[in-house]
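Data first, discussion second: the structure below is written as structure tokens.
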Amino acid sequence: MTYCVAIKLSAGLVFCSDSRTNAGIDQISTYSKMYTWGLRKKRQFVLLSAGNLATTQAVANQLTKQINDRAPVNLFTVRDLNEAADYVGRVSASEQTKHLNASAGSGFNPEATFIFGGQISGYPQDIFLIYPQGNHIQASTHAPFLQIGETKYGKPILDRIIRPDTPIDDAVSCALVSMDSTMRSNVSVGPPIELVVYENDSFHLHERMSLTEDNPYLQELKHAWDEKVVNAFKEMPKLNLKRLNPEQSGG
């Protein structure tokens, strides 16, 4: 499985992904699910991937190839992020069709889902969820984050914490707690955890971080979160069963 999350804030964007692939109980490997492209002071893009590994790698390779070949339409020629997301969706759909035709009748599933985001000079930053069919949705003020892969375990903390005005540092911690919650409940999601931050209008990606399981900060965050969750639970008001069901209390 996979877990990737992208967060859209007034101050910038946060992207976080795991690196584990699972093709069976004895076939667990590590592959990056994060890709980046950019032109300094002009445009920056980040792509997070989930689904069939052959498809996701083929899509990333094709996006890079079309940049290098100076194809008429590529990530460095599209006008805005909507056009860029449409373009990535077309490349994804094309690669899936190619893989599906090559393996007709085998039961092979080439589907892939992506989170794509960044900024182009003259336009606002944004993030998009691109479905296997090639269409996409954007993040919104009411839903300022997008997830793909094993999403259910990491969503509650995002729902409670993330708002458009959340500071970037807090969003980074929240993304990592969301990832830790997912890894704790699903062993098919695992480190290294990749993280990249983009500050609005900077047209520069902060250095991409790869956090291994024994990373000191990741360990500190994990232990602090575990401790605070347990302590918060202990301080929760307790339900008075006798008051709730007086007829069953023997009175």
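Starting from 1 in every chain, residues are counted up; chains themselves are A, B, ... following the order of the structure tokens, and ligands are numbered from 1 as listed.
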
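The environment of region 187-197 of chain A within 6 Å, counting only C-alpha atoms and disregarding residues fewer than 2 places along the same chain, consists of Met1, Thr2, Leu13, Val14, Phe15, Cys16, Ser17, Asp18, Ser19, Arg20, Met183, His206, Arg208, Met209, Ser210, Leu211, Thr212 and Glu213 of chain A.
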
DSSP on the backbone, then: every residue of region 61-139 of chain A marked strand (DSSP E), written as a ChimeraX atom specification.
/A:112-120,126-130,136-138

Mind checking which residues fall within 12 Å of Asp170 (chain A), counting only C-alpha atoms, ignoring those fewer than 3 positions away in the same chain, and posting them as a VMD selection string?
chain A and resid 7 9 11 13 to 14 157 to 158 161 to 167 173 to 177

d(CA of Lys8 (chain A), CA of Leu218 (chain A)) in Å
22.2 Å

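Taking CA of Arg43 (chain A) as the reference point, CA of Arg90 (chain A) is found at 20.2 Å.
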
With DSSP run on the backbone, what are the alpha helix (DSSP H) residues within region 35-205 of chain A? I'd like them as JSON, numbers by chain.
{"A": [53, 54, 55, 56, 57, 58, 59, 60, 61, 62, 63, 64, 65, 66, 67, 68, 81, 82, 83, 84, 85, 86, 87, 88, 89, 90, 91, 92, 93, 94, 95, 96, 97, 98, 99, 100, 101, 102, 155, 156, 157, 158, 159, 160, 161, 168, 169, 170, 171, 172, 173, 174, 175, 176, 177, 178, 179, 180, 181, 182, 183, 184, 185]}

Work out how far CA of Leu47 (chain A) is from CA of Gly12 (chain A), in Å to one decimal.
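Value for the CA of Gly12 (chain A)-CA of Leu47 (chain A) distance: 15.6 Å.
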
Surrounding residues of Ile115 (chain A) excluding itself and chain neighbours under 4 positions, 6 Å, only C-alpha atoms, as a PyMOL selection string
chain A and resi 47-48+128-129

Gly149 (chain A): which residues within 9 Å, counting only C-alpha atoms, same-chain residues fewer than 4 positions away excluded, as a ChimeraX atom specification?
/A:1-4,49-51,113

Could you pull the residues within 9 Å of region 75-81 of chain A, counting only C-alpha atoms, minus those fewer than 2 positions along the same chain, as a ChimeraX atom specification?
/A:37-39,43,45,63-64,66-67,70-73,83-88,117-128

Restricting the output to C-alpha atoms, write the selected residues as a PDB file, in the first residue's frame.
ATOM      1  CA  TRP A  37      10.362  19.411 -11.387  1.00  0.00           C
ATOM      2  CA  GLY A  38      11.059  23.109 -11.476  1.00  0.00           C
ATOM      3  CA  LEU A  39      12.393  26.240 -13.089  1.00  0.00           C
ATOM      4  CA  ARG A  43       7.528  27.291 -11.679  1.00  0.00           C
ATOM      5  CA  PHE A  45       5.873  21.083  -9.269  1.00  0.00           C
ATOM      6  CA  LEU A  63       6.833  13.833 -17.890  1.00  0.00           C
ATOM      7  CA  THR A  64      10.610  14.169 -17.600  1.00  0.00           C
ATOM      8  CA  GLN A  66       8.792  15.435 -22.661  1.00  0.00           C
ATOM      9  CA  ILE A  67      10.574  18.248 -20.812  1.00  0.00           C
ATOM     10  CA  ARG A  70      11.081  20.040 -25.513  1.00  0.00           C
ATOM     11  CA  ALA A  71       7.726  18.644 -26.542  1.00  0.00           C
ATOM     12  CA  PRO A  72       5.189  21.332 -27.505  1.00  0.00           C
ATOM     13  CA  VAL A  73       3.214  20.483 -24.351  1.00  0.00           C
ATOM     14  CA  GLU A  83      -3.681  22.964 -17.552  1.00  0.00           C
ATOM     15  CA  ALA A  84      -0.746  21.164 -15.926  1.00  0.00           C
ATOM     16  CA  ALA A  85      -3.079  18.830 -14.009  1.00  0.00           C
ATOM     17  CA  ASP A  86      -5.023  18.099 -17.206  1.00  0.00           C
ATOM     18  CA  TYR A  87      -1.750  17.282 -18.949  1.00  0.00           C
ATOM     19  CA  VAL A  88      -0.571  14.938 -16.173  1.00  0.00           C
ATOM     20  CA  GLY A 117       0.744  20.573  -6.932  1.00  0.00           C
ATOM     21  CA  GLY A 118       2.978  23.592  -6.991  1.00  0.00           C
ATOM     22  CA  GLN A 119       2.906  27.060  -8.510  1.00  0.00           C
ATOM     23  CA  ILE A 120       3.470  28.813 -11.834  1.00  0.00           C
ATOM     24  CA  SER A 121       4.553  32.453 -11.878  1.00  0.00           C
ATOM     25  CA  GLY A 122       1.558  34.754 -12.225  1.00  0.00           C
ATOM     26  CA  TYR A 123      -0.883  32.205 -10.794  1.00  0.00           C
ATOM     27  CA  PRO A 124      -1.738  31.010  -7.264  1.00  0.00           C
ATOM     28  CA  GLN A 125      -0.359  27.836  -5.742  1.00  0.00           C
ATOM     29  CA  ASP A 126      -2.631  24.778  -5.653  1.00  0.00           C
ATOM     30  CA  ILE A 127      -2.855  21.009  -5.255  1.00  0.00           C
ATOM     31  CA  PHE A 128      -4.925  18.502  -7.270  1.00  0.00           C
TER      32      PHE A 128
END

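When only C-alpha atoms are used to measure the gap to Thr97 (chain A), the shortest distance among A:Gln133, A:Thr36, A:Gln57, A:Asn68 belongs to A:Gln133.
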
Counting only C-alpha atoms, which of A:Leu53, A:Ala6, A:Met179, A:Ala58 gets nearest to Ala143 (chain A)?
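Among the listed residues, the smallest separation from Ala143 (chain A) belongs to A:Ala6.
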
Counting only C-alpha atoms, which residue out of A:Gln96, A:Asn82, A:Asn109, A:Ser181 sits closest to Trp225 (chain A)?
A:Ser181
